[in-house]
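J.: Contents of upload19.pdb (PDB, C-alpha atoms and all ligand atoms) are below:
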```pdb
MODEL        1
ATOM      1  CA  MET A  66       3.013 -40.737 -33.836
ATOM      2  CA  ASP A  67       1.790 -37.220 -33.066
ATOM      3  CA  ASP A  68       4.112 -34.243 -32.475
ATOM      4  CA  LEU A  69       4.024 -34.432 -28.670
ATOM      5  CA  THR A  70       4.532 -38.193 -28.453
ATOM      6  CA  GLN A  71       7.759 -37.711 -30.369
ATOM      7  CA  LEU A  72       8.962 -35.223 -27.700
ATOM      8  CA  PHE A  73       8.467 -37.760 -24.882
ATOM      9  CA  LYS A  74      10.173 -40.465 -26.921
ATOM     10  CA  ASN A  75      13.134 -38.124 -27.528
ATOM     11  CA  ASN A  76      13.226 -37.288 -23.830
ATOM     12  CA  ARG A  77      13.458 -40.909 -22.681
ATOM     13  CA  GLU A  78      16.204 -41.614 -25.202
ATOM     14  CA  TRP A  79      18.128 -38.544 -24.022
ATOM     15  CA  ALA A  80      17.790 -39.437 -20.334
ATOM     16  CA  ASP A  81      18.813 -43.043 -21.007
ATOM     17  CA  SER A  82      21.892 -42.015 -22.987
ATOM     18  CA  ILE A  83      23.052 -39.702 -20.182
ATOM     19  CA  LYS A  84      22.409 -42.374 -17.540
ATOM     20  CA  GLN A  85      24.434 -44.875 -19.534
ATOM     21  CA  GLU A  86      27.446 -42.568 -19.568
ATOM     22  CA  ALA A  87      27.060 -41.288 -16.009
ATOM     23  CA  PRO A  88      24.700 -43.438 -13.895
ATOM     24  CA  THR A  89      24.536 -40.928 -10.994
ATOM     25  CA  PHE A  90      24.142 -37.792 -13.167
ATOM     26  CA  PHE A  91      20.498 -37.047 -12.389
ATOM     27  CA  THR A  92      20.528 -38.096  -8.734
ATOM     28  CA  LYS A  93      23.538 -35.848  -8.082
ATOM     29  CA  LEU A  94      21.930 -32.905  -9.887
ATOM     30  CA  ALA A  95      18.666 -33.371  -8.021
ATOM     31  CA  GLY A  96      20.586 -32.541  -4.832
ATOM     32  CA  GLN A  97      21.743 -29.098  -5.947
ATOM     33  CA  GLN A  98      22.667 -26.836  -8.830
ATOM     34  CA  ALA A  99      25.854 -24.773  -8.795
ATOM     35  CA  PRO A 100      26.085 -22.982 -12.130
ATOM     36  CA  GLU A 101      28.788 -20.346 -12.611
ATOM     37  CA  PHE A 102      27.053 -18.616 -15.484
ATOM     38  CA  LEU A 103      23.801 -16.762 -16.058
ATOM     39  CA  TRP A 104      22.871 -16.658 -19.723
ATOM     40  CA  ILE A 105      20.517 -13.907 -20.882
ATOM     41  CA  GLY A 106      19.698 -14.722 -24.468
ATOM     42  CA  CYS A 107      17.125 -14.411 -27.225
ATOM     43  CA  ALA A 108      14.107 -16.725 -27.232
ATOM     44  CA  ASP A 109      14.890 -17.580 -30.873
ATOM     45  CA  SER A 110      14.692 -21.365 -31.420
ATOM     46  CA  ARG A 111      17.977 -21.284 -33.338
ATOM     47  CA  VAL A 112      19.947 -20.096 -30.310
ATOM     48  CA  PRO A 113      19.830 -22.932 -27.739
ATOM     49  CA  ALA A 114      21.924 -21.741 -24.806
ATOM     50  CA  ASN A 115      23.426 -24.959 -23.392
ATOM     51  CA  GLU A 116      24.160 -26.518 -26.765
ATOM     52  CA  ILE A 117      26.052 -23.511 -28.139
ATOM     53  CA  VAL A 118      28.529 -23.455 -25.268
ATOM     54  CA  GLY A 119      28.587 -27.220 -24.647
ATOM     55  CA  LEU A 120      27.335 -27.046 -21.067
ATOM     56  CA  LEU A 121      25.355 -29.771 -19.330
ATOM     57  CA  PRO A 122      22.221 -29.429 -17.197
ATOM     58  CA  GLY A 123      23.291 -27.785 -13.945
ATOM     59  CA  GLU A 124      25.985 -25.610 -15.520
ATOM     60  CA  LEU A 125      24.039 -22.708 -17.000
ATOM     61  CA  PHE A 126      21.267 -20.633 -15.410
ATOM     62  CA  VAL A 127      19.158 -19.315 -18.250
ATOM     63  CA  HIS A 128      16.803 -16.441 -18.963
ATOM     64  CA  ARG A 129      15.549 -15.887 -22.481
ATOM     65  CA  ASN A 130      13.213 -13.349 -24.010
ATOM     66  CA  ILE A 131      12.652 -11.797 -27.418
ATOM     67  CA  ALA A 132      15.867  -9.975 -28.412
ATOM     68  CA  ASN A 133      17.683 -10.568 -25.068
ATOM     69  CA  VAL A 134      16.431  -7.381 -23.459
ATOM     70  CA  VAL A 135      17.351  -6.351 -19.898
ATOM     71  CA  LEU A 136      14.817  -3.816 -18.620
ATOM     72  CA  HIS A 137      14.839  -2.166 -15.208
ATOM     73  CA  THR A 138      11.083  -2.689 -14.974
ATOM     74  CA  ASP A 139      11.036  -6.352 -15.993
ATOM     75  CA  LEU A 140      10.332  -8.307 -12.831
ATOM     76  CA  ASN A 141      10.952 -11.595 -14.600
ATOM     77  CA  CYS A 142      14.485 -10.888 -15.838
ATOM     78  CA  LEU A 143      15.426  -8.989 -12.670
ATOM     79  CA  SER A 144      14.214 -11.849 -10.450
ATOM     80  CA  VAL A 145      16.286 -14.322 -12.439
ATOM     81  CA  MET A 146      19.314 -12.042 -12.092
ATOM     82  CA  GLN A 147      18.747 -11.493  -8.377
ATOM     83  CA  PHE A 148      18.392 -15.206  -7.663
ATOM     84  CA  ALA A 149      21.398 -16.070  -9.815
ATOM     85  CA  VAL A 150      23.636 -13.444  -8.185
ATOM     86  CA  ASP A 151      22.446 -13.433  -4.551
ATOM     87  CA  VAL A 152      21.510 -17.083  -4.054
ATOM     88  CA  LEU A 153      23.459 -19.117  -6.609
ATOM     89  CA  LYS A 154      26.432 -16.719  -6.535
ATOM     90  CA  ILE A 155      27.101 -17.056 -10.243
ATOM     91  CA  LYS A 156      30.300 -15.357 -11.394
ATOM     92  CA  HIS A 157      29.400 -14.360 -14.940
ATOM     93  CA  ILE A 158      26.325 -12.827 -16.515
ATOM     94  CA  ILE A 159      26.479 -13.391 -20.249
ATOM     95  CA  VAL A 160      24.159 -11.357 -22.455
ATOM     96  CA  THR A 161      24.071 -13.149 -25.787
ATOM     97  CA  GLY A 162      22.489 -11.671 -28.879
ATOM     98  CA  HIS A 163      22.552 -13.133 -32.350
ATOM     99  CA  TYR A 164      22.937 -11.841 -35.871
ATOM    100  CA  GLY A 165      19.756 -11.630 -37.914
ATOM    101  CA  CYS A 166      17.626 -11.274 -34.763
ATOM    102  CA  GLY A 167      13.945 -11.052 -35.709
ATOM    103  CA  GLY A 168      13.176  -8.959 -32.626
ATOM    104  CA  VAL A 169      15.805  -6.356 -33.484
ATOM    105  CA  LYS A 170      14.633  -6.395 -37.103
ATOM    106  CA  ALA A 171      11.046  -5.776 -36.003
ATOM    107  CA  ALA A 172      12.174  -2.820 -33.879
ATOM    108  CA  MET A 173      13.750  -1.319 -37.027
ATOM    109  CA  SER A 174      10.634  -1.766 -39.150
ATOM    110  CA  ASN A 175       7.324   0.078 -39.433
ATOM    111  CA  THR A 176       5.224  -3.077 -39.503
ATOM    112  CA  GLN A 177       3.068  -3.728 -36.421
ATOM    113  CA  LEU A 178       3.465  -7.109 -34.728
ATOM    114  CA  GLY A 179       1.157  -6.553 -31.766
ATOM    115  CA  LEU A 180       1.977  -6.843 -28.066
ATOM    116  CA  SER A 181       5.642  -7.577 -28.737
ATOM    117  CA  ASP A 182       6.097  -4.103 -30.293
ATOM    118  CA  GLY A 183       5.917  -2.722 -26.745
ATOM    119  CA  TRP A 184       8.494  -5.209 -25.530
ATOM    120  CA  LEU A 185      10.871  -4.166 -28.315
ATOM    121  CA  ARG A 186      10.303  -0.442 -27.846
ATOM    122  CA  THR A 187      13.631   0.308 -26.161
ATOM    123  CA  ILE A 188      15.425  -1.264 -29.136
ATOM    124  CA  ARG A 189      13.508   1.086 -31.416
ATOM    125  CA  ASP A 190      14.699   3.953 -29.174
ATOM    126  CA  LEU A 191      18.271   2.681 -29.569
ATOM    127  CA  TYR A 192      17.789   2.552 -33.345
ATOM    128  CA  PHE A 193      16.614   6.174 -33.270
ATOM    129  CA  GLU A 194      19.611   7.218 -31.117
ATOM    130  CA  GLN A 195      22.030   5.532 -33.492
ATOM    131  CA  ARG A 196      20.308   6.609 -36.725
ATOM    132  CA  GLU A 197      23.139   8.858 -37.983
ATOM    133  CA  ARG A 198      25.748   6.167 -37.465
ATOM    134  CA  LEU A 199      23.595   3.475 -39.015
ATOM    135  CA  ARG A 200      22.703   5.606 -42.024
ATOM    136  CA  LEU A 201      26.313   5.170 -43.181
ATOM    137  CA  VAL A 202      25.805   1.407 -43.418
ATOM    138  CA  GLU A 203      24.262   0.829 -46.832
ATOM    139  CA  ASP A 204      23.682  -2.912 -46.748
ATOM    140  CA  GLU A 205      20.448  -3.717 -44.934
ATOM    141  CA  GLU A 206      21.674  -7.034 -43.525
ATOM    142  CA  VAL A 207      24.892  -5.469 -42.245
ATOM    143  CA  ARG A 208      22.878  -2.633 -40.657
ATOM    144  CA  LEU A 209      20.695  -5.172 -38.847
ATOM    145  CA  ASP A 210      23.786  -7.032 -37.624
ATOM    146  CA  ARG A 211      25.338  -3.784 -36.312
ATOM    147  CA  MET A 212      22.089  -3.100 -34.459
ATOM    148  CA  CYS A 213      22.155  -6.634 -33.018
ATOM    149  CA  GLU A 214      25.640  -5.899 -31.644
ATOM    150  CA  MET A 215      24.627  -2.469 -30.315
ATOM    151  CA  ASN A 216      21.617  -4.051 -28.647
ATOM    152  CA  VAL A 217      23.866  -6.502 -26.788
ATOM    153  CA  ILE A 218      26.142  -3.651 -25.704
ATOM    154  CA  ARG A 219      23.118  -1.694 -24.423
ATOM    155  CA  GLN A 220      21.798  -4.710 -22.501
ATOM    156  CA  VAL A 221      25.217  -5.325 -20.925
ATOM    157  CA  ALA A 222      25.102  -1.719 -19.720
ATOM    158  CA  ASN A 223      21.543  -2.143 -18.426
ATOM    159  CA  ALA A 224      22.480  -5.318 -16.543
ATOM    160  CA  SER A 225      25.593  -3.779 -14.999
ATOM    161  CA  HIS A 226      23.645  -0.691 -13.890
ATOM    162  CA  THR A 227      21.207  -2.721 -11.773
ATOM    163  CA  SER A 228      21.426  -2.586  -7.996
ATOM    164  CA  ILE A 229      21.698  -6.399  -8.113
ATOM    165  CA  VAL A 230      25.061  -6.261  -9.856
ATOM    166  CA  GLN A 231      26.358  -3.151  -8.099
ATOM    167  CA  ASN A 232      25.501  -4.531  -4.643
ATOM    168  CA  ALA A 233      27.359  -7.749  -5.447
ATOM    169  CA  TRP A 234      30.424  -5.607  -6.161
ATOM    170  CA  HIS A 235      29.856  -3.637  -2.940
ATOM    171  CA  ARG A 236      29.929  -6.960  -1.049
ATOM    172  CA  GLY A 237      33.193  -7.889  -2.747
ATOM    173  CA  GLN A 238      31.516 -10.684  -4.695
ATOM    174  CA  PRO A 239      33.324 -11.285  -8.004
ATOM    175  CA  LEU A 240      30.886 -10.732 -10.852
ATOM    176  CA  ALA A 241      31.434  -9.921 -14.510
ATOM    177  CA  VAL A 242      28.873  -8.933 -17.137
ATOM    178  CA  HIS A 243      29.788  -9.939 -20.682
ATOM    179  CA  GLY A 244      28.358  -9.339 -24.148
ATOM    180  CA  PHE A 245      28.482 -12.131 -26.738
ATOM    181  CA  ILE A 246      26.936 -12.472 -30.157
ATOM    182  CA  TYR A 247      26.075 -15.679 -31.970
ATOM    183  CA  GLY A 248      26.167 -16.267 -35.703
ATOM    184  CA  ILE A 249      23.180 -18.309 -36.823
ATOM    185  CA  LYS A 250      24.855 -18.851 -40.194
ATOM    186  CA  ASN A 251      28.067 -20.438 -38.864
ATOM    187  CA  GLY A 252      27.307 -21.437 -35.260
ATOM    188  CA  HIS A 253      30.132 -19.304 -33.918
ATOM    189  CA  LEU A 254      29.963 -17.317 -30.720
ATOM    190  CA  LYS A 255      31.891 -14.031 -30.600
ATOM    191  CA  ASN A 256      32.938 -12.010 -27.561
ATOM    192  CA  LEU A 257      32.122  -8.337 -28.108
ATOM    193  CA  ASP A 258      34.735  -7.443 -25.459
ATOM    194  CA  VAL A 259      32.493  -5.123 -23.478
ATOM    195  CA  THR A 260      32.966  -6.932 -20.154
ATOM    196  CA  VAL A 261      32.146  -4.937 -17.022
ATOM    197  CA  THR A 262      33.699  -6.131 -13.766
ATOM    198  CA  GLY A 263      33.375  -3.183 -11.386
ATOM    199  CA  PRO A 264      31.679   0.156 -10.662
ATOM    200  CA  GLU A 265      34.570   2.185 -12.059
ATOM    201  CA  GLN A 266      33.453   1.064 -15.540
ATOM    202  CA  ILE A 267      29.973   2.476 -15.002
ATOM    203  CA  PRO A 268      29.075   6.088 -15.871
ATOM    204  CA  GLU A 269      28.881   8.210 -12.761
ATOM    205  CA  GLN A 270      25.182   8.932 -13.248
ATOM    206  CA  TYR A 271      24.350   5.225 -12.895
ATOM    207  CA  ARG A 272      26.645   4.459  -9.979
ATOM    208  CA  LEU A 273      24.953   3.522  -6.694
ATOM    209  CA  SER A 274      26.313   3.959  -3.183
ATOM    210  CA  PRO A 275      26.394   0.877  -0.935
ATOM    211  CA  PRO A 276      22.994   0.321   0.737
TER
HETATM  212 CO    CO B 301      16.533 -12.958 -31.719
ENDMDL
END
```
Is it possible to express this structure as structure tokens?
Ligand code: CO
T.:
Amino acid sequence: MDDLTQLFKNNREWADSIKQEAPTFFTKLAGQQAPEFLWIGCADSRVPANEIVGLLPGELFVHRNIANVVLHTDLNCLSVMQFAVDVLKIKHIIVTGHYGCGGVKAAMSNTQLGLSDGWLRTIRDLYFEQRERLRLVEDEEVRLDRMCEMNVIRQVANASHTSIVQNAWHRGQPLAVHGFIYGIKNGHLKNLDVTVTGPEQIPEQYRLSPP
């Protein structure tokens, strides 16, 4: 059996097992999706969004890219956010990083990877900004993990500064932006407690007036 055949075999077994437990599961879902959460996570194969938080199809809207970056010029991530907030009316945006992130590690190294170096550039800028603080951390692995946390915190800020999020607040739509980090070594998810739920938590320079 070749690699791809195995995937289709797995898929049929998965669909059958769900149908056995809940015969109307797929037909109900085909009608509509009503997720409460938008997950913005790393593309890393070890960080599968739904599995980590035990959510079924239909319960988590997902965007993933290398190192869970939220950029104000990234049409892909912004479109996902806009659709999730304006159309699906999700209540929580969860930016989830993970310890030992290869993307963050690459942004801290001098080795060239190619096109993805450009993608990771703002993490390198963050590393430069935080260099004095990080210099105090002697252990290389611990330093990388601190950077992984700081990256999540930066991306939570970036997400909450978007007009998408601020306009939801202006409309009175409840919306929170959270920062989580996942431990690849133990499977545990940790809340970094940097939740933003309103414009008063945003620096004045980033605050937008209602349109
Ligand atoms: Co990663």
J.: Neighbouring residues of ligand CO 301 (chain B) are defined here as those with any atom at most 12 Å from a ligand atom, counting only C-alpha atoms and all ligand atoms; list them as a VMD selection string.
T.: chain A and resid 105 to 113 129 to 134 161 to 172 185 209 to 210 212 to 214 216 to 217 246 to 249
J.: Would you write out those residues with C-alpha atoms, as a PDB file, in the coordinates of the input?
T.:
```pdb
ATOM      1  CA  ILE A 105      20.517 -13.907 -20.882  1.00  0.00           C
ATOM      2  CA  GLY A 106      19.698 -14.722 -24.468  1.00  0.00           C
ATOM      3  CA  CYS A 107      17.125 -14.411 -27.225  1.00  0.00           C
ATOM      4  CA  ALA A 108      14.107 -16.725 -27.232  1.00  0.00           C
ATOM      5  CA  ASP A 109      14.890 -17.580 -30.873  1.00  0.00           C
ATOM      6  CA  SER A 110      14.692 -21.365 -31.420  1.00  0.00           C
ATOM      7  CA  ARG A 111      17.977 -21.284 -33.338  1.00  0.00           C
ATOM      8  CA  VAL A 112      19.947 -20.096 -30.310  1.00  0.00           C
ATOM      9  CA  PRO A 113      19.830 -22.932 -27.739  1.00  0.00           C
ATOM     10  CA  ARG A 129      15.549 -15.887 -22.481  1.00  0.00           C
ATOM     11  CA  ASN A 130      13.213 -13.349 -24.010  1.00  0.00           C
ATOM     12  CA  ILE A 131      12.652 -11.797 -27.418  1.00  0.00           C
ATOM     13  CA  ALA A 132      15.867  -9.975 -28.412  1.00  0.00           C
ATOM     14  CA  ASN A 133      17.683 -10.568 -25.068  1.00  0.00           C
ATOM     15  CA  VAL A 134      16.431  -7.381 -23.459  1.00  0.00           C
ATOM     16  CA  THR A 161      24.071 -13.149 -25.787  1.00  0.00           C
ATOM     17  CA  GLY A 162      22.489 -11.671 -28.879  1.00  0.00           C
ATOM     18  CA  HIS A 163      22.552 -13.133 -32.350  1.00  0.00           C
ATOM     19  CA  TYR A 164      22.937 -11.841 -35.871  1.00  0.00           C
ATOM     20  CA  GLY A 165      19.756 -11.630 -37.914  1.00  0.00           C
ATOM     21  CA  CYS A 166      17.626 -11.274 -34.763  1.00  0.00           C
ATOM     22  CA  GLY A 167      13.945 -11.052 -35.709  1.00  0.00           C
ATOM     23  CA  GLY A 168      13.176  -8.959 -32.626  1.00  0.00           C
ATOM     24  CA  VAL A 169      15.805  -6.356 -33.484  1.00  0.00           C
ATOM     25  CA  LYS A 170      14.633  -6.395 -37.103  1.00  0.00           C
ATOM     26  CA  ALA A 171      11.046  -5.776 -36.003  1.00  0.00           C
ATOM     27  CA  ALA A 172      12.174  -2.820 -33.879  1.00  0.00           C
ATOM     28  CA  LEU A 185      10.871  -4.166 -28.315  1.00  0.00           C
ATOM     29  CA  LEU A 209      20.695  -5.172 -38.847  1.00  0.00           C
ATOM     30  CA  ASP A 210      23.786  -7.032 -37.624  1.00  0.00           C
ATOM     31  CA  MET A 212      22.089  -3.100 -34.459  1.00  0.00           C
ATOM     32  CA  CYS A 213      22.155  -6.634 -33.018  1.00  0.00           C
ATOM     33  CA  GLU A 214      25.640  -5.899 -31.644  1.00  0.00           C
ATOM     34  CA  ASN A 216      21.617  -4.051 -28.647  1.00  0.00           C
ATOM     35  CA  VAL A 217      23.866  -6.502 -26.788  1.00  0.00           C
ATOM     36  CA  ILE A 246      26.936 -12.472 -30.157  1.00  0.00           C
ATOM     37  CA  TYR A 247      26.075 -15.679 -31.970  1.00  0.00           C
ATOM     38  CA  GLY A 248      26.167 -16.267 -35.703  1.00  0.00           C
ATOM     39  CA  ILE A 249      23.180 -18.309 -36.823  1.00  0.00           C
TER      40      ILE A 249
END
```
J.: Show which residues sit within 12 Å of A:Leu94, as an mmCIF file with C-alpha atoms, in the coordinates of the input. Count only C-alpha atoms, and ignore same-chain residues fewer than 4 positions away.
T.:
```
data_model
loop_
_atom_site.group_PDB
_atom_site.id
_atom_site.type_symbol
_atom_site.label_atom_id
_atom_site.label_comp_id
_atom_site.auth_asym_id
_atom_site.auth_seq_id
_atom_site.Cartn_x
_atom_site.Cartn_y
_atom_site.Cartn_z
ATOM 1 C CA ALA A 87 27.060 -41.288 -16.009
ATOM 2 C CA PRO A 88 24.700 -43.438 -13.895
ATOM 3 C CA THR A 89 24.536 -40.928 -10.994
ATOM 4 C CA PHE A 90 24.142 -37.792 -13.167
ATOM 5 C CA GLN A 98 22.667 -26.836 -8.830
ATOM 6 C CA ALA A 99 25.854 -24.773 -8.795
ATOM 7 C CA PRO A 100 26.085 -22.982 -12.130
ATOM 8 C CA LEU A 121 25.355 -29.771 -19.330
ATOM 9 C CA PRO A 122 22.221 -29.429 -17.197
ATOM 10 C CA GLY A 123 23.291 -27.785 -13.945
ATOM 11 C CA GLU A 124 25.985 -25.610 -15.520
#
```
J.: Have a look at atom CA of A:Val242 and atom CA of A:Lys156 and let me know their distance in Å, one decimal.
T.: 8.7 Å
J.: Counting all atoms listed in the file, write as a compact mmCIF listing (two decimals) with C-alpha atoms, in the coordinates of the input all protein and nucleic acid residues lying at most 7 Å from (14.1, 0.4, -33.5) in the file's frame.
T.:
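As a result, out26.txt now contains:
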```
# COMPACT_ATOMS: atom_id res chain seq x y z
CA VAL A 169 15.80 -6.36 -33.48
CA ALA A 172 12.17 -2.82 -33.88
CA MET A 173 13.75 -1.32 -37.03
CA SER A 174 10.63 -1.77 -39.15
CA ARG A 186 10.30 -0.44 -27.85
CA ILE A 188 15.42 -1.26 -29.14
CA ARG A 189 13.51 1.09 -31.42
CA ASP A 190 14.70 3.95 -29.17
CA LEU A 191 18.27 2.68 -29.57
CA TYR A 192 17.79 2.55 -33.34
CA PHE A 193 16.61 6.17 -33.27
```
J.: So how far away is atom CA of A:Ile155 from atom CA of A:Leu254, in Å?
T.: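 So the answer is 20.7 Å.
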J.: Interatomic distance between atom CA of A:Thr187 and atom CA of A:Arg208?
T.: 17.4 Å
J.: Could you expand the PyMOL selection byres (((chain A and resi 267-272) around 12) and not hetatm) into the explicit residues it covers here, written as a PDB file with C-alpha atoms, in the frame of the given file?
T.:
```pdb
ATOM      1  CA  VAL A 221      25.217  -5.325 -20.925  1.00  0.00           C
ATOM      2  CA  ALA A 222      25.102  -1.719 -19.720  1.00  0.00           C
ATOM      3  CA  ASN A 223      21.543  -2.143 -18.426  1.00  0.00           C
ATOM      4  CA  ALA A 224      22.480  -5.318 -16.543  1.00  0.00           C
ATOM      5  CA  SER A 225      25.593  -3.779 -14.999  1.00  0.00           C
ATOM      6  CA  HIS A 226      23.645  -0.691 -13.890  1.00  0.00           C
ATOM      7  CA  THR A 227      21.207  -2.721 -11.773  1.00  0.00           C
ATOM      8  CA  SER A 228      21.426  -2.586  -7.996  1.00  0.00           C
ATOM      9  CA  VAL A 230      25.061  -6.261  -9.856  1.00  0.00           C
ATOM     10  CA  GLN A 231      26.358  -3.151  -8.099  1.00  0.00           C
ATOM     11  CA  ASN A 232      25.501  -4.531  -4.643  1.00  0.00           C
ATOM     12  CA  TRP A 234      30.424  -5.607  -6.161  1.00  0.00           C
ATOM     13  CA  HIS A 235      29.856  -3.637  -2.940  1.00  0.00           C
ATOM     14  CA  VAL A 242      28.873  -8.933 -17.137  1.00  0.00           C
ATOM     15  CA  VAL A 259      32.493  -5.123 -23.478  1.00  0.00           C
ATOM     16  CA  THR A 260      32.966  -6.932 -20.154  1.00  0.00           C
ATOM     17  CA  VAL A 261      32.146  -4.937 -17.022  1.00  0.00           C
ATOM     18  CA  THR A 262      33.699  -6.131 -13.766  1.00  0.00           C
ATOM     19  CA  GLY A 263      33.375  -3.183 -11.386  1.00  0.00           C
ATOM     20  CA  PRO A 264      31.679   0.156 -10.662  1.00  0.00           C
ATOM     21  CA  GLU A 265      34.570   2.185 -12.059  1.00  0.00           C
ATOM     22  CA  GLN A 266      33.453   1.064 -15.540  1.00  0.00           C
ATOM     23  CA  LEU A 273      24.953   3.522  -6.694  1.00  0.00           C
ATOM     24  CA  SER A 274      26.313   3.959  -3.183  1.00  0.00           C
ATOM     25  CA  PRO A 275      26.394   0.877  -0.935  1.00  0.00           C
TER      26      PRO A 275
END
```
J.: With only C-alpha atoms as the atoms that count, which of A:Gln97, A:Gln238, A:Gln147, A:Gln220 lies nearest to A:Val135?
T.: A:Gln220
J.: Return the single residue from A:Leu143, A:Leu69, A:Leu125, A:Ala114 that is closest to A:His157, with distances computed using all atoms listed in the file.
T.: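 Between A:Leu143, A:Leu69, A:Leu125, A:Ala114, the residue approaching A:His157 most closely is A:Leu125.
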